[in-house]
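Asker: As input, take target22.csv (CSV, C-alpha atoms):
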chain,number,residue,atom,x,y,z
A,282,MET,CA,205.4,-110.3,338.1
A,283,CYS,CA,208.2,-111.8,336.0
A,284,GLN,CA,209.9,-114.9,337.3
A,285,HIS,CA,212.4,-115.2,334.5
A,286,THR,CA,216.2,-114.9,334.9
A,287,PRO,CA,217.3,-112.4,333.7
A,288,PRO,CA,213.9,-110.6,334.4
A,289,CYS,CA,211.9,-109.4,331.4
A,290,PRO,CA,211.6,-105.6,330.9
A,291,THR,CA,209.0,-103.9,333.1
A,292,ALA,CA,205.8,-102.4,331.7
A,293,GLU,CA,207.3,-99.0,332.1
A,294,ALA,CA,210.5,-99.8,330.1
A,295,SER,CA,210.8,-98.7,326.5
A,296,ASP,CA,211.5,-102.3,325.4
A,297,ARG,CA,208.4,-103.7,327.3
A,298,GLU,CA,207.3,-105.7,324.2
A,299,ALA,CA,210.4,-108.0,324.6
A,300,ALA,CA,208.8,-109.6,327.7
A,301,ARG,CA,207.7,-113.2,327.3
A,302,PRO,CA,204.1,-114.1,326.6
A,303,THR,CA,202.2,-115.8,329.4
A,304,ALA,CA,199.0,-116.2,327.4
A,305,ALA,CA,198.6,-115.9,323.6
A,306,HIS,CA,195.3,-115.8,321.7
A,307,PRO,CA,196.3,-115.1,318.0
A,308,GLU,CA,192.8,-116.0,316.9
A,309,GLN,CA,191.6,-113.0,319.0
A,310,GLY,CA,194.6,-110.8,318.1
A,311,TRP,CA,196.2,-110.4,321.6
A,312,SER,CA,198.9,-111.7,323.9
A,313,LEU,CA,199.5,-111.1,327.6
A,314,LEU,CA,203.1,-110.6,328.5
A,315,CYS,CA,204.7,-111.5,331.8
A,316,ASN,CA,205.1,-107.8,332.7
A,317,GLY,CA,201.3,-107.4,332.6
A,318,VAL,CA,201.2,-105.7,329.2
A,319,LEU,CA,198.4,-106.7,326.9
A,320,LEU,CA,199.8,-106.6,323.4
A,321,PHE,CA,197.5,-106.5,320.3
A,322,GLU,CA,198.4,-107.7,316.9
A,323,ASP,CA,198.1,-104.2,315.5
A,324,THR,CA,201.0,-103.2,317.9
A,325,GLY,CA,198.7,-101.4,320.2
A,326,GLU,CA,199.1,-102.0,323.9
A,327,LEU,CA,197.2,-101.8,327.2
A,328,LEU,CA,199.5,-101.3,330.2
A,329,PRO,CA,198.8,-102.7,333.6
A,330,ASP,CA,197.9,-99.2,334.9
A,331,GLY,CA,195.2,-98.9,332.2
A,332,GLN,CA,197.2,-96.6,330.0
A,333,ILE,CA,196.7,-97.1,326.3
A,334,VAL,CA,199.6,-97.1,323.8
A,335,ALA,CA,198.4,-96.5,320.2
A,336,PRO,CA,199.5,-98.8,317.4
A,337,HIS,CA,203.0,-97.9,316.3
A,338,ARG,CA,203.7,-99.9,313.2
A,339,PRO,CA,206.6,-98.6,311.1
A,340,LEU,CA,205.6,-97.1,307.8
A,341,ALA,CA,207.1,-98.9,304.8
A,342,LEU,CA,208.7,-96.6,302.3
A,343,ALA,CA,207.2,-96.6,298.9
A,344,ALA,CA,209.2,-98.4,296.2
A,345,GLY,CA,211.3,-95.9,294.2
A,346,SER,CA,210.7,-92.9,296.5
A,347,THR,CA,213.5,-90.5,297.2
A,348,ALA,CA,214.2,-88.6,300.4
Turn this file's structure into structure tokens for me.
Answerer:
Amino acid sequence: MCQHTPPCPTAEASDREAARPTAAHPEQGWSLLCNGVLLFEDTGELLPDGQIVAPHRPLALAAGSTA
């Protein structure tokens, strides 16, 4: 799908979110990447094969907490 040089990561790659957007609709909360991944603003994803990737936002550490 990707026509960029160098090519964007494939939908199967771990860095697939680094692909360039081909359509963006922030008012609806989603972007279509050139590798066919539908990326949602909550970090969830729909892959071209129909597989769903759950949102994976990093959890912020509470201020003043210790490990």
Asker: Just want the 6 Å neighbourhood of A:Thr324, counted on all atoms listed in the file, with same-chain residues fewer than 3 positions away dropped. Output as a list of chain:residue names.
Answerer: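 Answer for this query is A:Phe321, A:Pro336, A:His337.
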Asker: Hey, which of A:Val334, A:Glu326, A:Thr303, A:Pro339 ends up closest to A:Cys283? Count all atoms listed in the file.
Answerer: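 Using all atoms listed in the file, the shortest distance to A:Cys283 belongs to A:Thr303.
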Asker: Atom CA of A:Gly331 and atom CA of A:Pro287 are how many Å apart?
Answerer: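 Straight-line distance from atom CA of A:Gly331 to atom CA of A:Pro287 works out to 25.9 Å.
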Asker: Do you know which residues are at most 8 Å from A:Leu313 counting all atoms listed in the file, after dropping those on the same chain fewer than 3 positions away, and could you put them as a PyMOL selection string?
Answerer: chain A and resi 302-305+317-320
Asker: Using all atoms listed in the file, which of the listed residues (A:Ala335, A:Leu314, A:Leu328, A:Asp323) sits closest to A:Arg301?
Answerer: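 Closest candidate: A:Leu314.
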Asker: In Å to one decimal, how far is atom CA of A:Trp311 from atom CA of A:Ala292?
Answerer: 16.1 Å
Asker: What does the structure give for the distance between atom CA of A:Ser312 and atom CA of A:Ala299, in Å to one decimal?
Answerer: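 For atom CA of A:Ser312 relative to atom CA of A:Ala299, the distance reads 12.1 Å.
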Asker: Which one is closest to A:His285: A:Cys315, A:Leu327, A:Arg338, A:Glu308? Count only C-alpha atoms.
Answerer: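 Of A:Cys315, A:Leu327, A:Arg338, A:Glu308, the one nearest A:His285, counting only C-alpha atoms, is A:Cys315.
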Asker: Let me make sure I understand: among A:His306, A:Cys289, A:Glu298, A:Asn316, which one has the smallest atom-to-atom distance to A:Pro329 if we use all atoms listed in the file?
Answerer: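 Ranking A:His306, A:Cys289, A:Glu298, A:Asn316 by distance to A:Pro329, first place goes to A:Asn316.
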